[in-house]
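Engineer: target.csv is reproduced in full below (CSV, C-alpha atoms).
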```csv
chain,number,residue,atom,x,y,z
A,1,GLN,CA,-5.6,51.1,-90.0
A,2,VAL,CA,-7.7,50.7,-86.8
A,3,LYS,CA,-6.7,47.0,-86.5
A,4,THR,CA,-3.0,48.0,-86.9
A,5,ASN,CA,-3.3,50.7,-84.2
A,6,LYS,CA,-5.0,48.3,-81.8
A,7,GLU,CA,-2.4,45.5,-82.5
A,8,ASN,CA,0.4,48.0,-81.9
A,9,THR,CA,-1.2,49.2,-78.7
A,10,MET,CA,-1.6,45.6,-77.5
A,11,ARG,CA,2.1,44.8,-78.5
A,12,ILE,CA,3.3,47.8,-76.5
A,13,ALA,CA,1.2,46.9,-73.5
A,14,LYS,CA,2.5,43.3,-73.6
A,15,ALA,CA,6.1,44.6,-73.8
A,16,GLU,CA,5.6,46.8,-70.8
A,17,GLN,CA,4.2,43.8,-68.8
A,18,THR,CA,7.2,41.8,-69.8
A,19,ILE,CA,9.6,44.6,-68.7
A,20,GLU,CA,7.7,44.9,-65.4
A,21,SER,CA,7.8,41.2,-64.8
A,22,PHE,CA,11.6,41.2,-65.5
A,23,VAL,CA,12.2,44.0,-63.1
A,24,ASN,CA,9.9,42.5,-60.4
A,25,ASN,CA,11.8,39.2,-60.7
A,26,LEU,CA,15.1,41.1,-60.4
A,27,LEU,CA,13.8,43.0,-57.3
A,28,SER,CA,12.6,39.8,-55.7
A,29,GLN,CA,16.2,38.4,-55.9
A,30,ASN,CA,17.9,41.7,-54.9
A,31,PRO,CA,15.5,44.2,-53.3
A,32,ASP,CA,18.2,46.9,-53.1
A,33,THR,CA,18.5,47.2,-56.9
A,34,LEU,CA,18.0,50.8,-58.0
A,35,VAL,CA,15.3,50.9,-60.7
A,36,THR,CA,14.3,54.3,-62.3
A,37,ARG,CA,12.2,55.5,-65.2
A,38,HIS,CA,13.5,58.0,-67.6
A,39,GLY,CA,11.0,58.9,-70.3
A,40,GLY,CA,10.1,55.7,-72.1
A,41,ALA,CA,13.0,53.7,-70.6
A,42,THR,CA,13.2,51.5,-67.5
A,43,CYS,CA,16.7,51.7,-66.0
A,44,ILE,CA,18.3,49.2,-63.7
A,45,THR,CA,21.5,50.5,-62.1
A,46,VAL,CA,23.9,47.5,-61.7
A,47,GLU,CA,26.8,49.7,-60.5
A,48,LYS,CA,26.5,53.4,-59.8
A,49,GLY,CA,29.0,55.7,-61.6
A,50,THR,CA,30.7,58.9,-60.4
A,51,GLY,CA,31.2,62.4,-61.5
A,52,GLU,CA,29.3,64.5,-64.1
A,53,GLU,CA,25.9,63.2,-65.3
A,54,LEU,CA,25.3,62.9,-69.0
A,55,SER,CA,23.2,65.8,-70.2
A,56,LYS,CA,20.7,66.0,-73.1
A,57,LYS,CA,23.4,67.6,-75.3
A,58,GLY,CA,26.4,65.5,-74.1
A,59,SER,CA,28.0,62.3,-75.3
A,60,ALA,CA,29.1,59.1,-73.7
A,61,SER,CA,31.8,56.6,-74.6
A,62,ILE,CA,30.3,53.2,-73.9
A,63,TYR,CA,30.6,49.4,-74.1
A,64,TYR,CA,27.3,47.8,-74.8
A,65,VAL,CA,25.3,44.6,-75.4
A,66,ALA,CA,22.1,45.1,-77.3
A,67,TYR,CA,19.3,42.6,-76.9
A,68,ARG,CA,16.0,42.1,-78.7
A,69,PHE,CA,14.0,41.9,-75.4
A,70,THR,CA,11.7,39.0,-75.0
A,71,GLY,CA,11.7,38.8,-71.2
A,72,SER,CA,15.2,37.8,-70.4
A,73,LEU,CA,18.8,38.8,-71.3
A,74,ASN,CA,20.1,35.6,-72.8
A,75,ALA,CA,22.7,35.0,-75.5
A,76,SER,CA,20.1,34.0,-78.1
A,77,SER,CA,18.6,37.5,-78.0
A,78,ILE,CA,21.8,39.4,-78.4
A,79,VAL,CA,21.8,41.4,-81.6
A,80,ALA,CA,25.0,43.5,-81.3
A,81,THR,CA,27.9,44.1,-78.9
A,82,ASN,CA,31.3,45.8,-78.7
A,83,VAL,CA,32.4,43.5,-75.9
A,84,ARG,CA,35.0,41.1,-77.2
A,85,GLU,CA,34.3,38.4,-74.6
A,86,ILE,CA,30.6,38.3,-75.4
A,87,ALA,CA,31.3,38.2,-79.2
A,88,GLU,CA,33.8,35.3,-78.6
A,89,GLN,CA,31.1,33.4,-76.5
A,90,LEU,CA,28.7,33.9,-79.4
A,91,ARG,CA,31.3,32.6,-81.8
A,92,ARG,CA,31.2,35.8,-83.8
A,93,ASP,CA,34.1,37.1,-86.0
A,94,THR,CA,36.5,38.9,-83.6
A,95,SER,CA,39.3,39.6,-86.1
A,96,ASP,CA,38.6,43.3,-86.4
A,97,ASP,CA,39.9,44.9,-83.1
A,98,SER,CA,38.2,48.2,-83.9
A,99,MET,CA,34.9,46.5,-83.3
A,100,PHE,CA,35.7,46.2,-79.6
A,101,GLU,CA,36.5,49.9,-78.8
A,102,PRO,CA,34.1,52.0,-76.8
A,103,VAL,CA,31.6,53.7,-79.1
A,104,SER,CA,30.7,57.4,-78.7
A,105,VAL,CA,27.0,58.0,-78.4
A,106,SER,CA,25.9,61.6,-78.9
A,107,MET,CA,22.6,62.6,-77.2
A,108,SER,CA,22.0,65.1,-80.0
A,109,ASP,CA,22.3,62.5,-82.7
A,110,PRO,CA,18.9,62.5,-84.5
A,111,ASN,CA,19.4,58.8,-85.3
A,112,LEU,CA,19.7,57.8,-81.6
A,113,ILE,CA,16.7,55.7,-80.8
A,114,GLN,CA,14.5,57.3,-78.2
A,115,GLY,CA,14.5,54.5,-75.6
A,116,LEU,CA,18.3,54.5,-75.5
A,117,ALA,CA,18.5,58.3,-75.3
A,118,ASP,CA,16.0,58.3,-72.4
A,119,GLY,CA,17.9,55.5,-70.6
A,120,LEU,CA,21.3,57.2,-71.0
A,121,GLU,CA,20.3,60.5,-69.7
A,122,GLY,CA,21.9,61.2,-66.3
A,123,ILE,CA,24.3,58.2,-66.5
A,124,GLN,CA,27.8,58.7,-65.1
A,125,ALA,CA,31.3,57.5,-65.9
A,126,GLY,CA,31.9,54.0,-64.6
A,127,GLU,CA,28.2,53.3,-64.4
A,128,GLU,CA,26.8,50.0,-65.4
A,129,ARG,CA,23.1,50.1,-66.4
A,130,ILE,CA,20.5,47.9,-68.0
A,131,ILE,CA,18.1,50.0,-70.2
A,132,LEU,CA,14.8,48.4,-71.2
A,133,PHE,CA,12.1,49.9,-73.5
A,134,ASN,CA,9.1,48.9,-75.5
A,135,GLY,CA,8.7,49.2,-79.3
A,136,LYS,CA,7.2,52.6,-79.1
A,137,TYR,CA,10.7,53.9,-78.2
A,138,SER,CA,12.6,51.5,-80.4
A,139,PHE,CA,13.7,51.4,-84.0
A,140,PRO,CA,11.0,52.9,-86.2
A,141,LYS,CA,12.0,50.8,-89.2
A,142,LYS,CA,13.4,47.3,-89.6
A,143,VAL,CA,17.1,47.3,-88.8
A,144,SER,CA,18.2,43.8,-89.7
A,145,GLY,CA,17.0,40.3,-89.9
A,146,THR,CA,16.9,40.0,-86.1
A,147,ILE,CA,15.5,43.4,-85.2
A,148,SER,CA,12.1,44.2,-86.7
A,149,ALA,CA,10.5,47.6,-86.5
A,150,LYS,CA,9.4,48.6,-83.0
A,151,SER,CA,10.9,45.6,-81.3
A,152,PRO,CA,11.3,45.9,-77.5
A,153,MET,CA,15.0,46.3,-76.7
A,154,ALA,CA,17.4,46.0,-73.8
A,155,TYR,CA,20.9,47.5,-73.6
A,156,HIS,CA,23.5,46.5,-71.0
A,157,ILE,CA,25.8,49.6,-70.9
A,158,LEU,CA,29.1,50.3,-69.2
A,159,VAL,CA,30.2,53.9,-69.4
A,160,GLU,CA,33.8,54.7,-70.0
A,161,SER,CA,33.5,58.5,-70.0
A,162,ILE,CA,31.1,61.4,-70.3
A,163,SER,CA,31.5,64.7,-72.2
A,164,ASN,CA,29.1,67.5,-71.8
```
Rewrite the structure of this file - the entire thing - as C-alpha cells.

Structural biologist:
Amino acid sequence: QVKTNKENTMRIAKAEQTIESFVNNLLSQNPDTLVTRHGGATCITVEKGTGEELSKKGSASIYYVAYRFTGSLNASSIVATNVREIAEQLRRDTSDDSMFEPVSVSMSDPNLIQGLADGLEGIQAGEERIILFNGKYSFPKKVSGTISAKSPMAYHILVESISN
C-alpha cells in the first residue's frame, strides 16, 4: 500500500511537471496567453467568451476534443471528440450525425470528472479553452482501452451556450 501511494504521488508530480512544461512552452511562443488555475485544472484561454459565466450548478453545451495528456495535444493521444472534422482526420466512423452535436455538460452531474468540472467553471458562451489536469482529478476507474484510471487528461473545449 505504501509503495502504491508513493508511486501515485510520483505519477501526479510528473504529470504536473508535464503540464507546467506544456504551459511554459506555450507562453514562450505567445506571452499574452491567459493561463488560470481553477481547483485541480490548468486552463488556457484560446478565445475569450462573452456573457454569463458557468456556475457550479449550471450546464454548458460544448464541442470537445479529449486527449490522454502526455505532454502535447497530438492526434495520437485523442480519445474522444464530437468535432466531425477531427473524427474525419482520424479516419473514425462519421456515419452517425448525432455524434457531432454539442453535448450538454451539467456541473451538478456526479459523474463529471473533477478536472473537467474545475476547468469549466466560469467559462462563457463562445469561449475556447484548453483544460489540463493530472490523474488525481481524472477518471477514478479505467474508462476504455486508451484511458487508464487516473490518466492525466486535456480537453479542448468550445462553448456553444451556457445555462445557469

Engineer: In terms of the shortest atom-to-atom distance over only C-alpha atoms, which of A:Asn30, A:Pro152, A:Ser98, A:Gly115 is closest to Cys43 in chain A?

Structural biologist: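 Selected residue with least distance to Cys43 in chain A: A:Gly115.
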
Engineer: Of the candidates A:Asn8, A:Thr42, A:Asn24, A:Asn134, which shows the shortest atom-to-atom distance to Asp118 in chain A, using all atoms listed in the file?

Structural biologist: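 Of A:Asn8, A:Thr42, A:Asn24, A:Asn134, the one nearest Asp118 in chain A, counting all atoms listed in the file, is A:Thr42.
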
Engineer: One decimal, Å: what's the distance from CA of Lys150 in chain A over to CA of Phe22 in chain A, could you say?

Structural biologist: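 It comes out at 19.1 Å.
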
Engineer: Could you state the separation of CA of His156 in chain A and CA of Gln29 in chain A in Å, given to one decimal place?

Structural biologist: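 Between CA of His156 in chain A and CA of Gln29 in chain A the gap works out to 18.6 Å.
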
Engineer: For Glu53 in chain A, which of A:Leu34, A:Met10, A:Ile162, A:Ile113 is the closest residue, counting all atoms listed in the file?

Structural biologist: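 The shortest atom-to-atom distance to Glu53 in chain A comes from A:Ile162.
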
Engineer: Could you check the closest approach to Val35 in chain A for each of A:Gly119, A:Ala60, A:Asn164, A:Ser108 and tell me which residue wins, using all atoms listed in the file?

Structural biologist: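 Nearest candidate to Val35 in chain A out of A:Gly119, A:Ala60, A:Asn164, A:Ser108: A:Gly119.
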
Engineer: Choose the residue, out of A:Gly135, A:Gly122, A:Gly58, A:Pro140, that has the smallest atom-to-atom separation from Thr36 in chain A; count all atoms listed in the file.

Structural biologist: A:Gly122

Engineer: Pick out the closest residue to His38 in chain A from this set: A:Thr18, A:Gln114, A:Ser163, A:Ser148. Count all atoms listed in the file.

Structural biologist: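 Closest candidate: A:Gln114.
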
Engineer: In Å, how far is it from CA of Lys141 in chain A to CA of Val103 in chain A?

Structural biologist: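 Between these atoms lies a distance of 22.2 Å.
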